[in-house]
file run34.cif (mmCIF, C-alpha atoms)
data_coords
#
loop_
_atom_site.label_atom_id
_atom_site.label_comp_id
_atom_site.auth_asym_id
_atom_site.auth_seq_id
_atom_site.Cartn_x
_atom_site.Cartn_y
_atom_site.Cartn_z
CA MET U 144 -1.10 -27.55 14.61
CA ALA U 145 -4.48 -27.70 12.93
CA ASN U 146 -4.69 -28.97 9.40
CA HIS U 147 -5.39 -26.60 6.52
CA SER U 148 -8.91 -27.88 5.91
CA SER U 149 -10.02 -26.65 9.33
CA SER U 150 -8.29 -23.27 9.01
CA PRO U 151 -10.57 -20.22 8.80
CA SER U 152 -10.61 -18.48 5.42
CA ILE U 153 -8.93 -15.08 5.25
CA LEU U 154 -11.40 -12.38 4.24
CA CYS U 155 -9.15 -9.34 4.66
CA ALA U 156 -5.67 -8.29 5.69
CA SER U 157 -4.38 -4.78 6.40
CA PHE U 158 -1.56 -2.83 8.04
CA ASN U 159 -1.89 0.15 10.33
CA GLN U 160 -0.58 3.54 9.20
CA ASP U 161 3.00 3.11 10.44
CA LEU U 162 3.15 -0.60 9.52
CA SER U 163 3.86 -1.67 13.09
CA TYR U 164 0.80 -3.97 13.21
CA PHE U 165 -1.30 -5.94 10.78
CA ALA U 166 -4.83 -7.28 11.10
CA VAL U 167 -6.44 -10.36 9.60
CA GLY U 168 -10.19 -10.87 9.28
CA THR U 169 -11.58 -14.38 8.91
CA ARG U 170 -14.88 -16.26 9.05
CA ASP U 171 -14.44 -16.65 12.80
CA GLY U 172 -13.35 -13.12 13.79
CA PHE U 173 -10.23 -10.99 13.54
CA ARG U 174 -6.74 -10.90 14.99
CA ILE U 175 -4.01 -8.29 15.23
CA PHE U 176 -0.30 -9.14 15.09
CA ASP U 177 2.95 -7.31 15.72
CA THR U 178 4.65 -6.86 12.35
CA ASN U 179 8.19 -7.19 13.69
CA THR U 180 7.69 -10.40 15.65
CA GLY U 181 4.50 -11.94 14.30
CA LYS U 182 3.23 -12.11 17.89
CA LEU U 183 -0.53 -12.19 18.39
CA CYS U 184 -1.56 -8.97 20.16
CA TYR U 185 -5.35 -9.12 20.09
CA GLU U 186 -8.13 -11.44 18.95
CA ARG U 187 -11.88 -11.42 18.91
CA ALA U 188 -13.99 -14.34 17.71
CA VAL U 189 -17.46 -12.96 17.09
CA GLY U 190 -18.15 -13.68 13.41
CA ALA U 191 -16.89 -12.93 9.90
CA PHE U 192 -15.23 -9.58 9.04
CA VAL U 193 -14.33 -8.16 5.64
CA ILE U 194 -12.73 -4.91 6.86
CA VAL U 195 -10.47 -4.38 9.90
CA GLU U 196 -8.73 -1.00 9.92
CA MET U 197 -6.50 0.28 12.72
CA MET U 198 -5.78 3.80 13.93
CA PHE U 199 -2.00 3.74 14.22
CA SER U 200 -1.23 1.88 17.51
CA SER U 201 -4.31 3.10 19.38
CA SER U 202 -7.18 0.98 20.65
CA LEU U 203 -9.57 2.30 17.96
CA LEU U 204 -10.61 -0.08 15.18
CA ALA U 205 -13.00 0.33 12.27
CA ILE U 206 -14.60 -3.03 11.48
CA VAL U 207 -17.20 -4.21 8.95
CA GLY U 208 -18.87 -7.60 9.03
CA ALA U 209 -19.35 -10.00 6.15
CA GLY U 210 -23.13 -10.29 6.60
CA ASP U 211 -23.23 -13.80 8.03
CA GLN U 212 -25.15 -12.41 11.00
CA PRO U 213 -27.71 -9.58 11.17
CA SER U 214 -25.45 -7.75 13.62
CA LEU U 215 -22.51 -7.93 11.21
CA SER U 216 -24.04 -6.34 8.13
CA PRO U 217 -21.62 -5.26 5.36
CA ARG U 218 -23.54 -1.96 5.33
CA ARG U 219 -22.66 -1.20 8.97
CA LEU U 220 -19.40 0.33 10.16
CA CYS U 221 -18.53 -0.24 13.80
CA LEU U 222 -15.96 1.90 15.58
CA PHE U 223 -14.62 -0.48 18.20
CA ASN U 224 -12.43 -0.04 21.27
CA LYS U 225 -10.30 -3.16 21.60
CA THR U 226 -9.17 -2.21 25.11
CA THR U 227 -12.68 -2.14 26.55
CA GLY U 228 -14.17 -4.57 24.04
CA ALA U 229 -17.05 -2.18 23.41
CA ALA U 230 -18.53 -0.59 20.32
CA LEU U 231 -18.13 3.18 20.44
CA LYS U 232 -20.35 4.07 17.50
CA GLU U 233 -22.07 2.44 14.54
CA LEU U 234 -22.66 4.04 11.14
CA ASN U 235 -25.19 2.53 8.76
CA PHE U 236 -25.25 2.96 4.98
CA LEU U 237 -27.62 2.02 2.15
CA THR U 238 -25.05 -0.12 0.30
CA SER U 239 -22.08 -2.28 1.25
CA ILE U 240 -18.94 -0.64 2.60
CA LEU U 241 -16.01 -1.38 0.30
CA ALA U 242 -13.14 0.40 2.04
CA VAL U 243 -12.39 2.43 5.18
CA ARG U 244 -9.45 4.77 5.78
CA MET U 245 -8.67 7.03 8.72
CA ASN U 246 -6.11 9.18 10.46
CA ARG U 247 -6.27 11.18 13.67
CA GLN U 248 -8.75 13.69 12.27
CA ARG U 249 -10.56 12.12 9.33
CA LEU U 250 -12.60 8.99 8.70
CA VAL U 251 -13.27 7.96 5.09
CA VAL U 252 -15.91 5.40 4.09
CA ILE U 253 -15.95 4.22 0.47
CA LEU U 254 -19.13 2.87 -1.13
CA GLN U 255 -19.66 1.83 -4.75
CA ASP U 256 -20.62 5.33 -5.91
CA LYS U 257 -19.96 7.59 -2.92
CA ALA U 258 -17.25 8.54 -0.44
CA TYR U 259 -18.26 9.79 3.02
CA ILE U 260 -15.84 12.07 4.88
CA TYR U 261 -16.21 12.41 8.67
CA GLU U 262 -14.50 14.35 11.42
CA ILE U 263 -13.36 11.36 13.42
CA ASN U 264 -13.82 12.70 16.95
CA SER U 265 -17.40 13.97 16.60
CA LEU U 266 -18.30 11.80 13.57
CA THR U 267 -19.76 14.87 11.91
CA ILE U 268 -20.22 14.43 8.17
CA LEU U 269 -17.93 16.92 6.45
CA ASP U 270 -18.56 15.91 2.86
CA ILE U 271 -20.21 13.33 0.61
CA ILE U 272 -18.38 12.85 -2.68
CA ASP U 273 -20.20 11.32 -5.64
CA THR U 274 -17.87 8.97 -7.51
CA VAL U 275 -17.84 6.92 -10.68
CA PRO U 276 -18.86 3.28 -10.17
CA ASN U 277 -16.12 1.85 -7.96
CA SER U 278 -17.04 -1.76 -7.22
CA LYS U 279 -13.58 -2.59 -5.85
CA GLY U 280 -13.51 0.34 -3.44
CA LEU U 281 -10.28 1.60 -5.02
CA CYS U 282 -8.81 4.59 -3.17
CA ALA U 283 -5.58 6.02 -1.81
CA PHE U 284 -5.25 7.96 1.42
CA SER U 285 -2.42 9.88 3.02
CA PRO U 286 -2.49 9.77 6.85
CA SER U 287 -0.43 12.97 7.11
CA LEU U 288 -2.37 15.87 8.62
CA ASP U 289 -0.19 18.37 6.74
CA ALA U 290 -1.02 16.80 3.37
CA CYS U 291 -4.16 14.75 3.97
CA TYR U 292 -5.24 13.70 0.49
CA LEU U 293 -7.79 11.20 -0.75
CA ALA U 294 -7.49 9.83 -4.29
CA LEU U 295 -10.46 8.28 -6.08
CA PRO U 296 -10.94 6.98 -9.63
CA ALA U 297 -12.21 9.71 -11.97
CA SER U 298 -13.27 7.46 -14.84
CA THR U 299 -14.28 3.90 -15.66
CA THR U 300 -12.73 4.06 -19.15
CA LYS U 301 -9.31 5.64 -18.53
CA GLY U 302 -6.76 5.79 -15.75
CA SER U 303 -7.38 9.17 -14.17
CA ALA U 304 -7.68 10.02 -10.49
CA LEU U 305 -9.24 12.86 -8.52
CA LEU U 306 -7.32 14.11 -5.49
CA TYR U 307 -9.16 15.79 -2.65
CA ASN U 308 -7.60 17.76 0.19
CA LEU U 309 -9.60 16.50 3.16
CA MET U 310 -8.40 19.11 5.62
CA ASN U 311 -9.40 22.04 3.40
CA ARG U 312 -12.28 20.07 1.90
CA HIS U 313 -11.77 20.86 -1.76
CA LEU U 314 -10.85 19.11 -5.01
CA HIS U 315 -7.10 19.56 -5.39
CA CYS U 316 -6.49 18.25 -8.91
CA GLU U 317 -7.15 15.54 -11.48
CA ILE U 318 -4.28 13.37 -12.65
CA GLU U 319 -4.52 11.61 -16.01
CA ALA U 320 -2.03 8.81 -15.58
CA HIS U 321 -3.01 5.94 -17.91
CA ARG U 322 -5.10 5.08 -20.94
CA SER U 323 -6.71 2.08 -19.24
CA PRO U 324 -8.78 2.18 -16.01
CA LEU U 325 -6.91 2.26 -12.71
CA ALA U 326 -6.18 -1.00 -10.90
CA ALA U 327 -4.03 0.24 -8.01
CA MET U 328 -2.83 3.49 -6.50
CA VAL U 329 -1.08 4.66 -3.36
CA LEU U 330 -0.09 7.97 -1.79
CA SER U 331 3.22 8.37 -0.01
CA SER U 332 2.84 8.71 3.75
CA ASN U 333 3.73 12.40 3.57
CA GLY U 334 1.22 13.04 0.77
CA MET U 335 3.93 14.22 -1.63
CA TYR U 336 3.60 11.57 -4.35
CA ILE U 337 0.95 9.31 -5.82
CA ALA U 338 1.79 6.11 -7.70
CA THR U 339 -0.71 4.49 -10.06
CA ALA U 340 -1.06 1.38 -12.21
CA SER U 341 -3.72 0.59 -14.77
CA GLU U 342 -5.52 -2.67 -15.51
CA GLN U 343 -2.86 -3.36 -18.15
CA GLY U 344 -0.23 -3.36 -15.40
CA THR U 345 2.72 -2.71 -17.70
CA ILE U 346 3.55 0.85 -16.64
CA ILE U 347 3.65 2.35 -13.15
CA ARG U 348 3.66 6.13 -12.95
CA VAL U 349 4.47 8.49 -10.10
CA HIS U 350 3.08 12.03 -9.97
CA LEU U 351 3.90 14.95 -7.73
CA VAL U 352 0.69 15.78 -5.91
CA SER U 353 1.30 19.50 -5.40
CA ASP U 354 1.15 20.38 -9.11
CA ALA U 355 -0.06 17.08 -10.64
CA THR U 356 3.08 16.65 -12.74
CA LYS U 357 4.56 13.30 -13.70
CA SER U 358 7.84 12.62 -11.95
CA TYR U 359 8.63 8.99 -12.85
CA SER U 360 7.50 6.25 -15.22
CA PHE U 361 8.55 2.64 -14.74
CA ARG U 362 7.91 -0.36 -16.92
CA ARG U 363 6.93 -3.41 -14.88
CA GLY U 364 6.96 -5.71 -17.89
CA THR U 365 5.92 -6.17 -21.51
CA TYR U 366 2.91 -8.41 -21.00
CA PRO U 367 -0.20 -7.37 -19.05
CA SER U 368 -0.37 -8.37 -15.40
CA GLY U 369 -2.67 -7.38 -12.58
CA ILE U 370 -1.13 -5.04 -10.00
CA PHE U 371 -2.42 -6.00 -6.57
CA SER U 372 -0.67 -3.36 -4.47
CA LEU U 373 1.77 -0.45 -4.52
CA SER U 374 3.85 0.87 -1.62
CA PHE U 375 6.28 3.74 -1.13
CA GLY U 376 9.19 3.48 1.25
CA PRO U 377 8.76 5.37 4.53
CA SER U 378 10.26 8.84 4.27
CA LYS U 379 9.63 12.31 5.63
CA GLN U 380 11.01 13.80 2.42
CA LEU U 381 11.37 12.16 -0.98
CA PRO U 382 10.54 8.42 -0.88
CA ASP U 383 13.54 6.38 -2.04
CA ILE U 384 11.76 3.32 -3.28
CA LEU U 385 8.48 2.03 -4.68
CA ALA U 386 7.35 -1.60 -4.58
CA ALA U 387 4.57 -3.40 -6.43
CA SER U 388 3.05 -6.88 -6.19
CA SER U 389 1.53 -8.45 -9.28
CA SER U 390 -0.60 -11.39 -10.34
CA SER U 391 2.51 -13.08 -11.76
CA GLY U 392 3.68 -13.75 -8.20
CA SER U 393 6.64 -11.37 -8.48
CA ILE U 394 7.54 -8.31 -6.43
CA HIS U 395 8.86 -5.33 -8.40
CA ILE U 396 11.10 -2.73 -6.75
CA PHE U 397 11.75 0.65 -8.37
CA THR U 398 14.36 3.10 -7.11
CA LEU U 399 13.02 6.63 -7.36
CA GLY U 400 16.08 8.59 -6.35
CA PHE U 401 18.33 7.25 -9.10
CA ALA U 402 15.79 7.81 -11.83
CA SER U 403 16.17 11.56 -11.38
CA LEU U 404 19.94 11.47 -11.88
CA PRO U 405 21.63 12.22 -15.24
CA ARG U 406 21.41 9.50 -17.84
CA SER U 407 24.23 7.01 -18.21
CA LYS U 408 26.34 6.70 -21.33
CA SER U 409 24.33 3.67 -22.40
CA SER U 410 21.44 6.00 -23.19
CA SER U 411 23.50 8.13 -25.54
CA GLY U 412 24.13 7.53 -29.21
CA PHE U 413 21.60 6.53 -31.82
CA ILE U 414 19.07 4.90 -29.45
CA GLY U 415 19.27 7.78 -27.02
CA SER U 416 18.74 10.27 -29.82
CA ILE U 417 15.45 8.76 -30.97
CA ILE U 418 13.93 7.80 -27.58
CA SER U 419 12.83 10.55 -25.24
CA GLY U 420 14.25 10.86 -21.73
CA ALA U 421 10.95 9.80 -20.17
CA MET U 422 10.86 6.67 -22.28
CA THR U 423 14.46 5.69 -21.51
CA ASP U 424 13.69 6.07 -17.80
CA VAL U 425 10.93 3.54 -18.32
CA LEU U 426 13.22 1.09 -20.05
CA ASP U 427 16.33 1.44 -17.89
CA PRO U 428 16.81 -1.79 -15.89
CA ALA U 429 19.04 -0.04 -13.34
CA TYR U 430 15.92 1.35 -11.66
CA HIS U 431 13.95 -1.90 -11.65
CA HIS U 432 14.56 -5.05 -9.62
CA VAL U 433 12.36 -8.13 -9.61
CA LEU U 434 11.90 -10.74 -6.88
CA HIS U 435 10.51 -13.70 -8.79
CA ASN U 436 8.07 -16.30 -7.48
CA THR U 437 7.60 -14.71 -4.07
CA VAL U 438 3.99 -15.93 -3.94
CA PRO U 439 2.03 -18.33 -6.16
CA ALA U 440 0.87 -16.72 -9.40
CA GLY U 441 -2.66 -15.36 -9.17
CA VAL U 442 -2.66 -15.14 -5.38
CA LYS U 443 -3.60 -11.66 -4.21
CA SER U 444 -0.71 -10.23 -2.23
CA TYR U 445 0.18 -6.96 -0.55
CA VAL U 446 3.65 -5.48 -0.37
CA VAL U 447 4.76 -2.82 2.08
CA ILE U 448 8.17 -1.30 2.72
CA ARG U 449 8.47 -1.34 6.44
CA LYS U 450 11.71 0.44 7.20
CA VAL U 451 14.83 2.01 5.74
CA GLU U 452 18.14 1.47 7.48
CA ASN U 453 21.61 2.84 6.90
CA ILE U 454 24.42 0.30 6.81
CA THR U 455 27.95 1.19 7.83
CA ASN U 456 31.14 -0.79 7.32
CA THR U 457 34.87 -0.39 7.86
CA SER U 458 35.26 1.84 4.81
CA SER U 459 32.14 3.88 5.42
CA SER U 460 33.92 7.22 5.82
CA GLU U 461 35.72 6.83 2.51
CA LEU U 462 32.56 5.74 0.74
CA LEU U 463 30.59 8.62 2.19
CA ALA U 464 33.25 11.03 1.02
CA CYS U 465 32.78 9.92 -2.58
CA ARG U 466 28.99 9.74 -2.22
CA THR U 467 28.69 5.95 -2.36
CA SER U 468 26.89 5.30 0.89
CA HIS U 469 24.92 2.08 1.19
CA HIS U 470 21.28 1.68 2.16
CA GLU U 471 19.36 -1.43 3.06
CA TRP U 472 15.67 -1.64 2.37
CA GLN U 473 13.39 -4.30 3.73
CA ASN U 474 9.99 -4.96 2.31
CA THR U 475 7.51 -7.19 4.05
CA VAL U 476 4.88 -9.00 2.02
CA PHE U 477 1.88 -10.65 3.62
CA SER U 478 -0.04 -12.82 1.18
CA ALA U 479 -3.30 -14.55 1.93
CA PRO U 480 -3.84 -17.42 -0.49
CA SER U 481 -7.40 -18.62 -0.11
CA THR U 482 -6.53 -22.00 -1.57
CA THR U 483 -3.76 -22.90 0.88
CA GLY U 484 -4.78 -20.85 3.90
CA LYS U 485 -1.22 -19.73 4.64
CA LEU U 486 0.02 -16.37 5.79
CA GLU U 487 3.60 -15.78 4.72
CA GLU U 488 6.05 -13.01 5.50
CA LEU U 489 8.57 -12.47 2.73
CA HIS U 490 11.61 -10.35 3.55
CA SER U 491 13.66 -8.92 0.71
CA THR U 492 16.82 -6.99 1.33
CA LEU U 493 17.96 -4.58 -1.36
CA LYS U 494 21.48 -3.19 -1.03
CA LEU U 495 21.89 -0.38 -3.49
CA PRO U 496 24.94 1.91 -3.59
CA GLU U 497 24.70 5.28 -5.25
CA PRO U 498 26.23 5.70 -8.75
CA PRO U 499 28.73 5.10 -10.20
CA LEU U 500 28.62 1.65 -8.56
CA LEU U 501 26.09 -0.77 -10.03
CA PRO U 502 23.17 -1.93 -7.87
CA THR U 503 23.20 -5.43 -6.44
CA LEU U 504 20.21 -7.32 -5.21
CA LYS U 505 20.16 -9.80 -2.36
CA CYS U 506 16.90 -11.38 -1.36
CA TYR U 507 15.66 -14.10 0.91
CA SER U 508 12.27 -15.29 2.00
CA LYS U 509 11.11 -16.68 5.31
CA LYS U 510 7.80 -18.31 6.02
CA LEU U 511 6.53 -16.61 9.16
CA SER U 512 4.10 -19.36 10.08
CA GLU U 513 1.11 -21.32 8.93
CA LEU U 514 -2.19 -19.49 9.14
CA SER U 515 -3.65 -22.52 10.89
CA TRP U 516 -1.06 -22.00 13.63
CA LEU U 517 -1.68 -18.26 13.86
CA LEU U 518 -5.40 -18.77 14.12
CA SER U 519 -5.37 -21.83 16.35
#
call {"tool": "encode", "arguments": {"input": "run34.cif", "output": "structure tokens"}}
result
Amino acid sequence: MANHSSSPSILCASFNQDLSYFAVGTRDGFRIFDTNTGKLCYERAVGAFVIVEMMFSSSLLAIVGAGDQPSLSPRRLCLFNKTTGAALKELNFLTSILAVRMNRQRLVVILQDKAYIYEINSLTILDIIDTVPNSKGLCAFSPSLDACYLALPASTTKGSALLYNLMNRHLHCEIEAHRSPLAAMVLSSNGMYIATASEQGTIIRVHLVSDATKSYSFRRGTYPSGIFSLSFGPSKQLPDILAASSSSGSIHIFTLGFASLPRSKSSSGFIGSIISGAMTDVLDPAYHHVLHNTVPAGVKSYVVIRKVENITNTSSSELLACRTSHHEWQNTVFSAPSTTGKLEELHSTLKLPEPPLLPTLKCYSKKLSELSWLLS
């Protein structure tokens, strides 16, 4: 195993749309791994890359270089076929590319003050959206063709977002979610919900996209903290769970389904009479679970919820009859600490029965492997 000092620095890390693969870009090239096993599936050592985006499990990649070589300019997007090892098409821009998103019909390229929308098969430009200054390339994209939305920051002074329907090519709505500028946002895979966090990082809000109404508000904590990523659980209907990674090194898990149920008795009485229902939802700990110290504080991390599984046991029929079925959620976190050069996979299992039983949390973490081993 190579030592850490000789390990290539991680420049980017991303998952494909169904979370079955993840890609890592380094100073030496990029590699693609199977999420379930951690097995290396593809590698190419041709230089430094700052963006590696996959198209589901297909051979199509969208890659952007770091600028170390003239052929790998950060202003050039290369659509690459990893099966043939050939570039299919290159798109050049006047400024650096900050983010790329795509599904089976749309390609989105985010620059500092513009968003380019392409038809992915012909690469015809469908729209060019002027945006507020967006130096971090912040955006959210739903890969669903039935609800293909793109969310972009609407302001640099407050936390509002503009949602565009990319199939119909029109502005769908504006959502005013926070008082402070946005730091993170994500759309559910079916395009039904959008979750946002501001630079304060204390409140996470979830809005229904169809009519831009607020559905949930969750308090992450009292003190400000940077939110690095947000992720909904995979669902064809209502997502059950929302996860967030923060600069404190903790992973926060919020249960969406329970927050819509009637309030418990603990919310009644004097306190319940003077605090609104929305505010008590924010403060209720039953909807919020924290996995502490999952990554070193300050290390940028990404959390995704990979799968939802039903668990059965010997008394499952009785439990189902009284609506106390169990679910098990696994979230996979890949963090890329630049200081240690390690890539870790953190599994957290959340077993949460429906009311009236109280939720219990069981978590464990497993180091997948050293980055120096993965990249050796």
call {"tool": "resolve_selection", "arguments": {"input": "run34.cif", "expression": "the PyMOL selection byres ((chain U and resi 294-308) around 9)", "output": "ChimeraX atom specification"}}
result
/U:258,274-277,280-285,290-293,309-326,328-330,337,339-342,352
call {"tool": "closest_residue", "arguments": {"input": "run34.cif", "among": "U:Pro439, U:Phe361, U:Ala355, U:Val349", "to": "Ser390 (chain U)", "atoms": "only C-alpha atoms"}}
result
U:Pro439
call {"tool": "resolve_selection", "arguments": {"input": "run34.cif", "expression": "the PyMOL selection byres ((chain U and resi 269) around 9)", "output": "number ranges by chain"}}
result
U: 259-262, 266-268, 270-271, 309, 312
call {"tool": "residues_around", "arguments": {"input": "run34.cif", "residues": "His395 (chain U)", "least_positions_apart": "4", "cutoff": "7 Å", "atoms": "only C-alpha atoms", "output": "PyMOL selection string"}}
result
chain U and resi 386-388+431-434
call {"tool": "atom_distance", "arguments": {"input": "run34.cif", "atom1": "CA of Thr180 (chain U)", "atom2": "CA of Ala166 (chain U)"}}
result
13.7 Å
call {"tool": "atom_distance", "arguments": {"input": "run34.cif", "atom1": "CA of Val207 (chain U)", "atom2": "CA of Val195 (chain U)"}}
result
6.8 Å
call {"tool": "closest_residue", "arguments": {"input": "run34.cif", "among": "U:Lys279, U:Gly168, U:Thr178, U:Met245", "to": "Ile448 (chain U)", "atoms": "only C-alpha atoms"}}
result
U:Thr178
call {"tool": "atom_distance", "arguments": {"input": "run34.cif", "atom1": "CA of Ser201 (chain U)", "atom2": "CA of Ala242 (chain U)"}}
result
19.6 Å
call {"tool": "residues_around", "arguments": {"input": "run34.cif", "residues": "Val243 (chain U)", "least_positions_apart": "4", "cutoff": "8 Å", "atoms": "all atoms listed in the file", "output": "list in words"}}
result
Ile194, Glu196, Ala205, Leu250, Val251, Val252 and Ile253 of chain U
call {"tool": "resolve_selection", "arguments": {"input": "run34.cif", "expression": "the PyMOL selection byres ((chain U and resi 209) around 9)", "output": "PDB file with C-alpha atoms, keeping the file's coordinate frame"}}
result
ATOM      1  CA  LEU U 154     -11.400 -12.380   4.240  1.00  0.00           C
ATOM      2  CA  ARG U 170     -14.880 -16.260   9.050  1.00  0.00           C
ATOM      3  CA  GLY U 190     -18.150 -13.680  13.410  1.00  0.00           C
ATOM      4  CA  ALA U 191     -16.890 -12.930   9.900  1.00  0.00           C
ATOM      5  CA  PHE U 192     -15.230  -9.580   9.040  1.00  0.00           C
ATOM      6  CA  VAL U 193     -14.330  -8.160   5.640  1.00  0.00           C
ATOM      7  CA  ILE U 194     -12.730  -4.910   6.860  1.00  0.00           C
ATOM      8  CA  VAL U 207     -17.200  -4.210   8.950  1.00  0.00           C
ATOM      9  CA  GLY U 208     -18.870  -7.600   9.030  1.00  0.00           C
ATOM     10  CA  GLY U 210     -23.130 -10.290   6.600  1.00  0.00           C
ATOM     11  CA  ASP U 211     -23.230 -13.800   8.030  1.00  0.00           C
ATOM     12  CA  GLN U 212     -25.150 -12.410  11.000  1.00  0.00           C
ATOM     13  CA  LEU U 215     -22.510  -7.930  11.210  1.00  0.00           C
ATOM     14  CA  SER U 216     -24.040  -6.340   8.130  1.00  0.00           C
ATOM     15  CA  PRO U 217     -21.620  -5.260   5.360  1.00  0.00           C
TER      16      PRO U 217
END
call {"tool": "residues_around", "arguments": {"input": "run34.cif", "residues": "Phe158 (chain U)", "least_positions_apart": "3", "cutoff": "10 Å", "atoms": "only C-alpha atoms", "output": "number ranges by chain"}}
result
U: 161-167, 175-178, 195-199, 445, 447, 477
call {"tool": "residues_around", "arguments": {"input": "run34.cif", "residues": "Ser332 (chain U)", "least_positions_apart": "6", "cutoff": "8 Å", "atoms": "only C-alpha atoms", "output": "ChimeraX atom specification"}}
result
/U:285-287,375,377-379
call {"tool": "closest_residue", "arguments": {"input": "run34.cif", "among": "U:Arg249, U:Arg348, U:Arg174, U:Arg449", "to": "Lys225 (chain U)", "atoms": "only C-alpha atoms"}}
result
U:Arg174
call {"tool": "residues_around", "arguments": {"input": "run34.cif", "residues": "Asn224 (chain U)", "least_positions_apart": "2", "cutoff": "9 Å", "atoms": "all atoms listed in the file", "output": "PDB file with C-alpha atoms, in the frame of the given file"}}
result
ATOM      1  CA  SER U 201      -4.310   3.100  19.380  1.00  0.00           C
ATOM      2  CA  SER U 202      -7.180   0.980  20.650  1.00  0.00           C
ATOM      3  CA  LEU U 203      -9.570   2.300  17.960  1.00  0.00           C
ATOM      4  CA  LEU U 204     -10.610  -0.080  15.180  1.00  0.00           C
ATOM      5  CA  LEU U 222     -15.960   1.900  15.580  1.00  0.00           C
ATOM      6  CA  THR U 226      -9.170  -2.210  25.110  1.00  0.00           C
ATOM      7  CA  THR U 227     -12.680  -2.140  26.550  1.00  0.00           C
ATOM      8  CA  GLY U 228     -14.170  -4.570  24.040  1.00  0.00           C
ATOM      9  CA  ALA U 229     -17.050  -2.180  23.410  1.00  0.00           C
ATOM     10  CA  ALA U 230     -18.530  -0.590  20.320  1.00  0.00           C
ATOM     11  CA  LEU U 231     -18.130   3.180  20.440  1.00  0.00           C
TER      12      LEU U 231
END
call {"tool": "closest_residue", "arguments": {"input": "run34.cif", "among": "U:Leu234, U:Asp273, U:Pro382, U:Lys443", "to": "Ile153 (chain U)", "atoms": "only C-alpha atoms"}}
result
U:Lys443
